[in-house]
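Read the structure below first, then the notes.
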2 protein chains.
Amino acid sequence: MATLSKRPIGIFDSGVGGLTVLKEVTKVLPREHVIYFGDTARVPYGNKSRQSILRFSTENILFLLKKKVKLVVMACNTSTSIALDYLKNTFSVPLVGVIEPAVERALSVSKQKRVGVIGTTSTVQSRVYERSLVEKDAQAKVYSKACPLFVPFVEEGITSGPIVQKVIEMYLKDFKGTIDTLILGCTHYPLLKKVITTYLRGVYLIDSASEVALNTKALLKKYNLLNQETRVRKEFYVTDEPANFSKLAQLFLGKPIKNPKVVNV
Amino acid sequence: MATLSKRPIGIFDSGVGGLTVLKEVTKVLPREHVIYFGDTARVPYGNKSRQSILRFSTENILFLLKKKVKLVVMACNTSTSIALDYLKNTFSVPLVGVIEPAVERALSVSKQKRVGVIGTTSTVQSRVYERSLVEKDAQAKVYSKACPLFVPFVEEGITSGPIVQKVIEMYLKDFKGTIDTLILGCTHYPLLKKVITTYLRGVYLIDSASEVALNTKALLKKYNLLNQETRVRKEFYVTDEPANFSKLAQLFLGKPIKNPKVVNV
């Protein structure tokens, strides 16, 4: 398995949000090569149909397989919600989604088992979080809310101030006094952690990125695929011209990404 | 030219916004067949690159040509800003954009020739409105502002109330007392006319839809392509599954669109 273990980890997202996952993966697995793919020409996925999300996710994985990845992290809640089961049946490459890890963490920290879930319209409509939470703990009470304006606000760099506070109140007011744990079911939402925490004081926020990274490590270990490179490489691919991606990367990673490659999938 | 004139008018947009144009076209040209194409799988265009917008717009026109349209209305400000000149050089079918008609109307109603332009990031960055306004009237002073949150608000159906008022204030405060005319440079913005008018009292708002329809009529007349059907047909094509399109159509047209066809371009 030596040569197989030297292959990169593939991470894909509809756009830039998955960089929050990439950040944790490179922290937990610093000796792995990583390929990041952002489908920036078709972003966002969150308000598109099941059929389109299945097709886009399949094409994204096919692209990463051509790059000979040993494992794929689906760093997109919408893709994971809609497509993970289908893709697990289609591809033999190990797949890590972002939902299971968040669900397990939420149930382990929630005392009253009253869990809120926020995400895109497609994610919330899929009810995947709800099903998974109740499947693992029949006592769990789940409260879901689609927050479609959060992604545009994050992408405009508006993550604090009176307007975003109003938007947060609009979406989250029913959660006040109802939940003790909130799953941030979209990779953009960690950038709103501060305002959400201020609004929902005392509620424990779950951001799946670090759990996903630990999950990825466990899976690589299980399949004997861990790498031990000392000089690792990171490659970035996008489907739209990269100017906007590079600008947003600064928001998500705190540093720019130089020259991601543009590809057509 | 008899058979040619019987062909439909093609209208395309990145998604649903172009329905504001369709509405006016069918009002001004009630005896024409119309085909509407919304690229809902790749919507929005407004924050994507020049290269992607050129490619998407080309593919959309090729689709309409296969449907044997006699004229194409580009009911999308982003496409018109970026791609109109290129497409006019590429295709022989008559093309109507949404910018020229709005510019002419703005200059005809503005007394002080102080004109504001709002649109998506790509539209504003292209500076096409500015160039066109100054070309036609060297005295014109143009003030542009990208308003990337307006489309998500409209698509969420939030077109009134305190939050959208705050967003309007954030984007438009510099226009107060500065302009006498404002071009709504995006087909979604007519749905915000009421709140914008309240905020910018006394400013004349230009919504290009009716001008585009008159322009289309003039062009058909010029080429001797006017039709006189008594039973006209309207066809709708989208690239994503239509549930969301149909829901949004209700917002834009005030009535649902039944069973648009899903196609891949």
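Chain labels run A, B, ... following the order of the structure tokens; each chain numbers its residues from 1, and ligands are numbered from 1 in the order shown.
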
Restrict the calculation to only C-alpha atoms, then for each residue of chain A with any atom at most 6 Å from an atom of chain B give the closest atom pair and their distance in Å to one decimal, rows by chain and rising residue number, as a Markdown table.
| residue | atom | partner | partner_atom | distance |
| --- | --- | --- | --- | --- |
| A:Arg42 | CA | B:Arg42 | CA | 4.6 |
| A:Ser49 | CA | B:Glu241 | CA | 5.6 |
| A:Glu241 | CA | B:Ser49 | CA | 5.6 |

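Residues surrounding Thr216 in chain B within 8 Å are Val25, Val73, Val96, Val212 and Leu220 of chain B [only C-alpha atoms; sequence separation below 4 positions excluded].
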
So that I can check the surroundings of Gln112 in chain B, please list as a ChimeraX atom specification every protein, DNA and RNA residue that reaches within 9 Å of it, counting only C-alpha atoms and ignoring chain neighbours fewer than 4 positions away.
/B:140-141,179-181

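Straight-line separation from CA of Ser14 in chain B to CA of Asp39 in chain B: 4.7 Å.
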
How would you write, as a PyMOL selection string, the set of residues in range 47-221 of chain B that DSSP gives as helix (DSSP H, G or I)?
chain B and resi 50-66+77-90+99-109+121-126+128-136+150-155+162-175+189-199+209-221
